[in-house]
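File shown: data.cif (mmCIF, C-alpha atoms).
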data_entry
loop_
_atom_site.group_PDB
_atom_site.id
_atom_site.type_symbol
_atom_site.label_atom_id
_atom_site.label_comp_id
_atom_site.auth_asym_id
_atom_site.auth_seq_id
_atom_site.Cartn_x
_atom_site.Cartn_y
_atom_site.Cartn_z
ATOM 1 C CA PHE A 558 -129.556 5.308 25.592
ATOM 2 C CA ILE A 559 -130.237 7.032 22.298
ATOM 3 C CA TYR A 560 -127.890 6.383 19.385
ATOM 4 C CA LYS A 561 -127.869 7.656 15.796
ATOM 5 C CA ASP A 562 -130.314 4.990 14.599
ATOM 6 C CA GLU A 563 -132.854 5.865 17.300
ATOM 7 C CA LYS A 564 -134.061 9.048 15.598
ATOM 8 C CA PRO A 565 -136.664 10.423 15.386
ATOM 9 C CA ALA A 566 -138.245 9.930 18.784
ATOM 10 C CA GLY A 567 -141.205 7.573 18.690
ATOM 11 C CA LYS A 568 -139.899 5.149 16.071
ATOM 12 C CA HIS A 569 -140.251 2.223 18.509
ATOM 13 C CA GLY A 570 -143.840 3.069 19.482
ATOM 14 C CA PHE A 571 -145.237 3.957 22.878
ATOM 15 C CA LEU A 572 -143.492 3.157 26.147
ATOM 16 C CA GLY A 573 -144.626 0.434 28.514
ATOM 17 C CA VAL A 574 -143.338 -1.636 31.409
ATOM 18 C CA LYS A 575 -142.386 -5.314 31.347
ATOM 19 C CA GLY A 576 -141.417 -6.625 34.760
ATOM 20 C CA ASP A 577 -139.033 -4.070 36.233
ATOM 21 C CA GLN A 578 -137.877 -2.708 32.867
ATOM 22 C CA PHE A 579 -139.114 -0.008 30.486
ATOM 23 C CA VAL A 580 -139.868 -1.467 27.043
ATOM 24 C CA PHE A 581 -141.106 0.192 23.874
ATOM 25 C CA GLU A 582 -144.109 -1.078 21.932
ATOM 26 C CA ASP A 583 -141.926 -3.011 19.482
ATOM 27 C CA GLY A 584 -140.117 -4.828 22.321
ATOM 28 C CA THR A 585 -137.018 -2.584 22.432
ATOM 29 C CA PRO A 586 -135.772 -2.116 26.044
ATOM 30 C CA VAL A 587 -134.782 1.422 27.076
ATOM 31 C CA ARG A 588 -133.023 3.307 29.857
ATOM 32 C CA PHE A 589 -133.350 7.045 30.390
ATOM 33 C CA TRP A 590 -130.741 9.743 30.879
ATOM 34 C CA GLY A 591 -132.234 13.174 31.290
ATOM 35 C CA VAL A 592 -131.400 16.822 31.838
ATOM 36 C CA ASN A 593 -133.271 19.807 33.254
ATOM 37 C CA PHE A 594 -134.192 23.027 31.415
ATOM 38 C CA ASN A 595 -135.184 25.748 33.856
ATOM 39 C CA GLY A 596 -137.057 29.031 33.411
ATOM 40 C CA GLY A 597 -135.945 31.034 30.389
ATOM 41 C CA ALA A 598 -133.767 28.146 29.178
ATOM 42 C CA CYS A 599 -136.981 26.478 27.953
ATOM 43 C CA PHE A 600 -137.345 29.159 25.280
ATOM 44 C CA PRO A 601 -134.101 29.268 23.228
ATOM 45 C CA ASP A 602 -133.946 30.828 19.788
ATOM 46 C CA LYS A 603 -134.481 28.332 16.983
ATOM 47 C CA ASP A 604 -130.881 28.065 15.797
ATOM 48 C CA TYR A 605 -129.681 27.377 19.319
ATOM 49 C CA ALA A 606 -132.527 24.892 19.919
ATOM 50 C CA VAL A 607 -131.251 22.757 17.025
ATOM 51 C CA LYS A 608 -127.645 22.894 18.266
ATOM 52 C CA LEU A 609 -128.752 22.081 21.799
ATOM 53 C CA ALA A 610 -130.859 19.093 20.757
ATOM 54 C CA LYS A 611 -128.030 17.665 18.648
ATOM 55 C CA ARG A 612 -125.522 18.054 21.469
ATOM 56 C CA LEU A 613 -127.781 16.381 24.029
ATOM 57 C CA ALA A 614 -128.443 13.494 21.637
ATOM 58 C CA ALA A 615 -124.696 13.114 21.064
ATOM 59 C CA TYR A 616 -124.218 12.785 24.832
ATOM 60 C CA GLY A 617 -126.845 10.017 24.978
ATOM 61 C CA CYS A 618 -129.652 12.071 26.556
ATOM 62 C CA ASN A 619 -133.142 10.905 25.674
ATOM 63 C CA MET A 620 -135.307 12.806 28.141
ATOM 64 C CA VAL A 621 -135.718 16.478 29.107
ATOM 65 C CA ARG A 622 -137.466 18.030 32.068
ATOM 66 C CA LEU A 623 -139.045 21.428 31.281
ATOM 67 C CA HIS A 624 -139.030 23.157 34.669
ATOM 68 C CA GLN A 625 -140.666 26.395 35.852
ATOM 69 C CA LEU A 626 -141.883 27.556 32.455
ATOM 70 C CA ASP A 627 -144.107 30.051 34.270
ATOM 71 C CA ALA A 628 -141.212 31.531 36.292
ATOM 72 C CA GLU A 629 -142.125 35.110 37.136
ATOM 73 C CA TRP A 630 -138.476 35.853 37.965
ATOM 74 C CA ASP A 631 -137.148 34.965 34.518
ATOM 75 C CA THR A 632 -137.877 35.776 30.885
ATOM 76 C CA PRO A 633 -138.843 34.465 28.487
ATOM 77 C CA ASN A 634 -141.617 32.598 30.302
ATOM 78 C CA LEU A 635 -145.035 31.350 29.257
ATOM 79 C CA TYR A 636 -146.656 34.743 29.736
ATOM 80 C CA ALA A 637 -143.924 37.257 28.843
ATOM 81 C CA TYR A 638 -141.186 37.088 26.204
ATOM 82 C CA THR A 639 -139.262 40.123 27.490
ATOM 83 C CA LYS A 640 -139.135 42.048 30.737
ATOM 84 C CA GLY A 641 -141.394 45.043 30.872
ATOM 85 C CA LYS A 642 -144.791 45.806 32.327
ATOM 86 C CA ARG A 643 -145.739 43.326 35.034
ATOM 87 C CA VAL A 644 -148.009 40.553 33.767
ATOM 88 C CA THR A 645 -151.385 40.806 35.498
ATOM 89 C CA THR A 646 -153.012 37.653 34.103
ATOM 90 C CA THR A 647 -151.907 34.118 33.378
ATOM 91 C CA ARG A 648 -154.823 33.478 31.046
ATOM 92 C CA VAL A 649 -152.902 34.646 27.988
ATOM 93 C CA LEU A 650 -149.777 32.880 26.688
ATOM 94 C CA ASP A 651 -147.080 34.912 24.943
ATOM 95 C CA PRO A 652 -147.011 33.959 21.220
ATOM 96 C CA GLU A 653 -143.223 34.396 20.795
ATOM 97 C CA SER A 654 -142.494 32.299 23.877
ATOM 98 C CA MET A 655 -144.879 29.573 22.718
ATOM 99 C CA ASP A 656 -143.348 29.568 19.231
ATOM 100 C CA ARG A 657 -139.873 29.041 20.707
ATOM 101 C CA LEU A 658 -141.070 26.346 23.104
ATOM 102 C CA ASP A 659 -142.860 24.537 20.289
ATOM 103 C CA TYR A 660 -139.736 24.604 18.128
ATOM 104 C CA LEU A 661 -137.552 23.371 20.987
ATOM 105 C CA ILE A 662 -139.839 20.357 21.461
ATOM 106 C CA TYR A 663 -139.741 19.740 17.701
ATOM 107 C CA ALA A 664 -135.914 19.849 17.678
ATOM 108 C CA LEU A 665 -135.680 17.514 20.680
ATOM 109 C CA LYS A 666 -138.083 15.009 19.162
ATOM 110 C CA LYS A 667 -136.258 15.066 15.841
ATOM 111 C CA ASN A 668 -133.066 14.124 17.688
ATOM 112 C CA GLY A 669 -134.617 11.241 19.606
ATOM 113 C CA ILE A 670 -135.581 13.063 22.814
ATOM 114 C CA GLU A 671 -139.274 12.521 23.378
ATOM 115 C CA TYR A 672 -140.170 12.432 27.078
ATOM 116 C CA MET A 673 -140.964 15.083 29.656
ATOM 117 C CA GLU A 674 -141.756 15.126 33.347
ATOM 118 C CA ILE A 675 -144.990 17.017 33.831
ATOM 119 C CA ARG A 676 -145.263 19.321 36.859
ATOM 120 C CA GLY A 677 -147.980 21.742 35.836
ATOM 121 C CA VAL A 678 -150.569 22.663 33.218
ATOM 122 C CA ASP A 679 -151.534 26.232 32.287
ATOM 123 C CA GLY A 680 -150.076 27.593 35.516
ATOM 124 C CA THR A 681 -151.778 24.941 37.682
ATOM 125 C CA ASN A 682 -149.805 22.399 39.689
ATOM 126 C CA ILE A 683 -150.152 18.911 38.223
ATOM 127 C CA SER A 684 -151.667 17.629 41.486
ATOM 128 C CA ASP A 685 -154.519 20.153 41.206
ATOM 129 C CA ILE A 686 -155.733 19.403 37.679
ATOM 130 C CA THR A 687 -158.830 17.293 37.182
ATOM 131 C CA LEU A 688 -158.826 13.860 35.589
ATOM 132 C CA GLU A 689 -160.808 15.344 32.703
ATOM 133 C CA LYS A 690 -158.142 18.020 32.149
ATOM 134 C CA ALA A 691 -155.460 15.336 32.284
ATOM 135 C CA GLU A 692 -157.228 13.391 29.530
ATOM 136 C CA GLU A 693 -157.291 16.525 27.384
ATOM 137 C CA VAL A 694 -153.602 17.336 27.926
ATOM 138 C CA HIS A 695 -152.542 13.739 27.387
ATOM 139 C CA ALA A 696 -154.365 13.644 24.050
ATOM 140 C CA LYS A 697 -152.527 16.784 22.914
ATOM 141 C CA LEU A 698 -149.132 15.440 23.990
ATOM 142 C CA LYS A 699 -149.799 12.095 22.340
ATOM 143 C CA ALA A 700 -150.800 13.794 19.108
ATOM 144 C CA ALA A 701 -147.487 15.667 19.198
ATOM 145 C CA GLY A 702 -145.532 12.453 19.842
ATOM 146 C CA ILE A 703 -144.469 13.556 23.345
ATOM 147 C CA GLY A 704 -144.554 11.051 26.195
ATOM 148 C CA VAL A 705 -144.606 11.668 29.949
ATOM 149 C CA SER A 706 -141.809 10.027 31.920
ATOM 150 C CA SER A 707 -143.126 10.890 35.370
ATOM 151 C CA ILE A 708 -145.740 12.876 37.279
ATOM 152 C CA GLY A 709 -143.713 15.604 39.024
ATOM 153 C CA SER A 710 -146.031 15.776 41.999
ATOM 154 C CA PRO A 711 -145.467 17.743 45.239
ATOM 155 C CA ILE A 712 -146.559 14.742 47.320
ATOM 156 C CA GLY A 713 -144.585 14.601 50.579
ATOM 157 C CA LYS A 714 -143.963 18.352 50.709
ATOM 158 C CA ILE A 715 -145.937 18.869 53.898
ATOM 159 C CA LYS A 716 -145.009 19.206 57.570
ATOM 160 C CA LEU A 717 -145.380 16.404 60.079
ATOM 161 C CA THR A 718 -148.089 18.497 61.766
ATOM 162 C CA ASP A 719 -150.230 18.628 58.599
ATOM 163 C CA ASP A 720 -153.203 16.414 57.699
ATOM 164 C CA ILE A 721 -151.883 13.125 56.317
ATOM 165 C CA GLU A 722 -155.349 11.768 55.486
ATOM 166 C CA LYS A 723 -156.016 14.660 53.111
ATOM 167 C CA HIS A 724 -152.546 14.181 51.652
ATOM 168 C CA LEU A 725 -153.201 10.491 51.007
ATOM 169 C CA GLU A 726 -156.271 11.487 48.986
ATOM 170 C CA LEU A 727 -153.996 13.744 46.903
ATOM 171 C CA THR A 728 -151.528 10.858 46.543
ATOM 172 C CA LYS A 729 -154.295 8.687 45.102
ATOM 173 C CA HIS A 730 -155.279 11.475 42.706
ATOM 174 C CA CYS A 731 -151.697 11.839 41.436
ATOM 175 C CA ALA A 732 -151.443 8.083 40.924
ATOM 176 C CA GLU A 733 -154.647 8.231 38.889
ATOM 177 C CA LEU A 734 -153.109 11.042 36.825
ATOM 178 C CA ALA A 735 -150.082 8.824 36.187
ATOM 179 C CA ASN A 736 -152.382 6.195 34.706
ATOM 180 C CA ILE A 737 -154.005 8.754 32.408
ATOM 181 C CA PHE A 738 -150.626 10.014 31.194
ATOM 182 C CA GLU A 739 -149.528 6.397 30.628
ATOM 183 C CA THR A 740 -146.511 6.658 32.894
ATOM 184 C CA PRO A 741 -145.886 4.279 35.794
ATOM 185 C CA ARG A 742 -143.868 6.787 37.804
ATOM 186 C CA MET A 743 -144.703 9.625 40.178
ATOM 187 C CA ARG A 744 -142.280 11.783 42.164
ATOM 188 C CA VAL A 745 -142.660 12.235 45.923
ATOM 189 C CA PHE A 746 -140.768 13.721 48.861
ATOM 190 C CA SER A 747 -140.270 12.662 52.490
ATOM 191 C CA PHE A 748 -141.884 15.447 54.526
ATOM 192 C CA TYR A 749 -140.453 18.584 56.080
ATOM 193 C CA VAL A 750 -138.860 17.961 59.461
ATOM 194 C CA PRO A 751 -137.906 20.576 62.099
ATOM 195 C CA ASN A 752 -134.205 19.639 62.105
ATOM 196 C CA THR A 753 -132.387 17.894 59.229
ATOM 197 C CA THR A 754 -129.119 17.548 61.184
ATOM 198 C CA ASP A 755 -130.780 15.030 63.512
ATOM 199 C CA ILE A 756 -133.624 13.175 61.783
ATOM 200 C CA VAL A 757 -133.826 10.235 64.214
ATOM 201 C CA PRO A 758 -136.624 11.750 66.383
ATOM 202 C CA TYR A 759 -138.888 12.010 63.326
ATOM 203 C CA ARG A 760 -138.143 8.625 61.778
ATOM 204 C CA THR A 761 -141.121 6.674 63.147
ATOM 205 C CA GLN A 762 -143.694 9.129 61.821
ATOM 206 C CA VAL A 763 -141.941 9.693 58.490
ATOM 207 C CA ILE A 764 -141.587 5.972 57.773
ATOM 208 C CA ASP A 765 -145.194 5.335 58.772
ATOM 209 C CA TRP A 766 -146.474 8.082 56.466
ATOM 210 C CA MET A 767 -144.227 7.002 53.594
ATOM 211 C CA GLY A 768 -145.424 3.435 53.982
ATOM 212 C CA ARG A 769 -149.029 4.593 53.747
ATOM 213 C CA MET A 770 -148.237 6.693 50.661
ATOM 214 C CA LEU A 771 -146.549 3.718 49.052
ATOM 215 C CA GLU A 772 -149.563 1.479 49.569
ATOM 216 C CA VAL A 773 -151.939 4.071 48.101
ATOM 217 C CA ALA A 774 -149.736 4.484 45.016
ATOM 218 C CA LYS A 775 -149.264 0.739 44.550
ATOM 219 C CA ALA A 776 -153.026 0.188 44.692
ATOM 220 C CA GLU A 777 -153.291 2.410 41.581
ATOM 221 C CA GLY A 778 -150.373 0.671 39.857
ATOM 222 C CA ALA A 779 -147.949 3.582 40.281
ATOM 223 C CA ILE A 780 -144.206 3.316 40.882
ATOM 224 C CA ILE A 781 -143.290 5.835 43.552
ATOM 225 C CA CYS A 782 -139.965 7.707 43.283
ATOM 226 C CA HIS A 783 -138.390 9.635 46.155
ATOM 227 C CA GLU A 784 -136.509 12.861 45.405
ATOM 228 C CA ASN A 785 -134.144 14.576 47.819
ATOM 229 C CA GLU A 786 -135.022 18.144 48.797
ATOM 230 C CA LYS A 787 -133.757 20.724 51.276
ATOM 231 C CA GLY A 788 -135.567 20.586 54.596
ATOM 232 C CA ILE A 789 -137.114 17.118 54.281
ATOM 233 C CA TYR A 790 -136.246 13.820 55.974
ATOM 234 C CA GLY A 791 -134.407 12.753 52.809
ATOM 235 C CA GLU A 792 -132.385 15.931 52.450
ATOM 236 C CA LYS A 793 -129.101 14.123 53.035
ATOM 237 C CA ILE A 794 -127.632 10.751 52.114
ATOM 238 C CA GLU A 795 -128.512 9.173 55.467
ATOM 239 C CA GLY A 796 -132.234 9.794 55.156
ATOM 240 C CA CYS A 797 -132.383 8.637 51.535
ATOM 241 C CA VAL A 798 -130.483 5.438 52.285
ATOM 242 C CA ASP A 799 -132.753 4.761 55.271
ATOM 243 C CA ILE A 800 -135.842 5.036 53.049
ATOM 244 C CA GLN A 801 -134.331 2.696 50.471
ATOM 245 C CA LYS A 802 -133.356 0.051 52.998
ATOM 246 C CA THR A 803 -136.573 0.259 55.010
ATOM 247 C CA PHE A 804 -138.820 -0.308 51.982
ATOM 248 C CA GLY A 805 -136.542 -2.795 50.247
ATOM 249 C CA GLY A 806 -136.127 -0.674 47.136
ATOM 250 C CA GLU A 807 -139.856 -0.195 46.527
ATOM 251 C CA TYR A 808 -139.162 3.521 46.656
ATOM 252 C CA LYS A 809 -137.183 4.346 43.514
ATOM 253 C CA CYS A 810 -134.571 7.123 43.626
ATOM 254 C CA ILE A 811 -134.426 10.537 41.988
ATOM 255 C CA PHE A 812 -131.228 12.478 42.629
ATOM 256 C CA ALA A 813 -131.537 16.288 42.469
ATOM 257 C CA PRO A 814 -127.939 17.587 42.543
ATOM 258 C CA ALA A 815 -129.029 21.066 43.663
ATOM 259 C CA GLY A 816 -130.826 19.559 46.636
ATOM 260 C CA MET A 817 -127.941 17.432 47.871
ATOM 261 C CA PRO A 818 -124.459 18.949 47.370
ATOM 262 C CA VAL A 819 -122.720 15.878 48.785
ATOM 263 C CA ALA A 820 -121.217 12.587 47.611
ATOM 264 C CA PRO A 821 -123.092 10.746 44.809
ATOM 265 C CA TRP A 822 -125.583 8.078 45.784
ATOM 266 C CA CYS A 823 -123.642 5.546 43.766
ATOM 267 C CA LEU A 824 -121.100 5.525 46.597
ATOM 268 C CA GLN A 825 -123.863 4.104 48.760
ATOM 269 C CA GLY A 826 -124.566 1.289 46.304
ATOM 270 C CA ILE A 827 -127.983 2.696 45.431
ATOM 271 C CA PRO A 828 -129.026 3.211 41.779
ATOM 272 C CA PHE A 829 -130.622 6.558 40.992
ATOM 273 C CA ALA A 830 -131.956 8.703 38.190
ATOM 274 C CA HIS A 831 -131.037 12.352 37.826
ATOM 275 C CA ALA A 832 -133.818 14.867 38.421
#

So that I can check it, write out the structure of this file as structure tokens.
Amino acid sequence: FIYKDEKPAGKHGFLGVKGDQFVFEDGTPVRFWGVNFNGGACFPDKDYAVKLAKRLAAYGCNMVRLHQLDAEWDTPNLYAYTKGKRVTTTRVLDPESMDRLDYLIYALKKNGIEYMEIRGVDGTNISDITLEKAEEVHAKLKAAGIGVSSIGSPIGKIKLTDDIEKHLELTKHCAELANIFETPRMRVFSFYVPNTTDIVPYRTQVIDWMGRMLEVAKAEGAIICHENEKGIYGEKIEGCVDIQKTFGGEYKCIFAPAGMPVAPWCLQGIPFAHA
């Protein structure tokens, strides 16, 4: 966790992996505790951005997820600072919104918070960007001193009747993106099932597909992290625990509180990271 002597972010160098532990370039081990900023919350005014960054640092947070920056249903967003005439193009970024976002990132970094989970670039889902685009974005983030904690991919958000072979190709692509962004982790889900109150009939196919996804990711050196989500096999505790036990912990855990309004995973003896 981040303490007073850990500021500013980046003082220990770039992040790497040693065994099963995250370690900075200078040998300092680190654990992450993150929060989620959603929609218009990613664009606070500058005075509030400073207060917010200081408060998060005081609580020990060292990672922030910037979520749905392009949210059409909320303002500010990347393309509109205030509500008004409907935005007809996503090729132009709003200068006031970008100024606020830039200052928020500055305030977070200054207070020792330097990592983000990347889910999209310029309105394009992270899984759909090219490797060349990823190289470009990574260079910009690195120049700004911002690291990527995880690839927030949509892998596993398909139905059991969809094409798994095509999805495995996308899994490989996302793992390659993880390598470019110098993060070992990528987020995945456990497939939409027809009935989440009785998941037993779908277990054989889900476990088979998840096993194949795991092997593809491992071949690229990626650590695969399962996140709970409404409507998937791992919507509830039972499905998530089954995945953990079946794969012997090779699937890491991401706990999304909004997606599982039930008892904490820690009651099941399974470690997790907050989404």

Item to complete: Evaluate the PyMOL selection byres ((chain A and resi 662-672) around 10) here and jot the selected residues down as an MDAnalysis selection string.
Response: chainID A and resid 558:568 572 589:591 599:600 603:615 617:623 657:661 673:675 698 701:707

| field | From A:Gly680, A:Phe748, A:Cys797, A:Asp755, residue lying nearest A:Thr718 [all atoms listed in the file] | value |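 Between A:Gly680, A:Phe748, A:Cys797, A:Asp755, the residue approaching A:Thr718 most closely is A:Phe748.
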
One decimal, Å: what's the distance from atom CA of A:Gly805 over to atom CA of A:Leu725, could you say?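 According to the coordinates, atom CA of A:Gly805 and atom CA of A:Leu725 are separated by 21.3 Å.
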
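Each of A:Gln578, A:Asn736, A:Thr646, A:Ser654 was compared to A:Gly778 using only C-alpha atoms, and A:Asn736 turns out to be the nearest.
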
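Here atom CA of A:Glu784 is placed at a distance of 8.0 Å from atom CA of A:Ser747.
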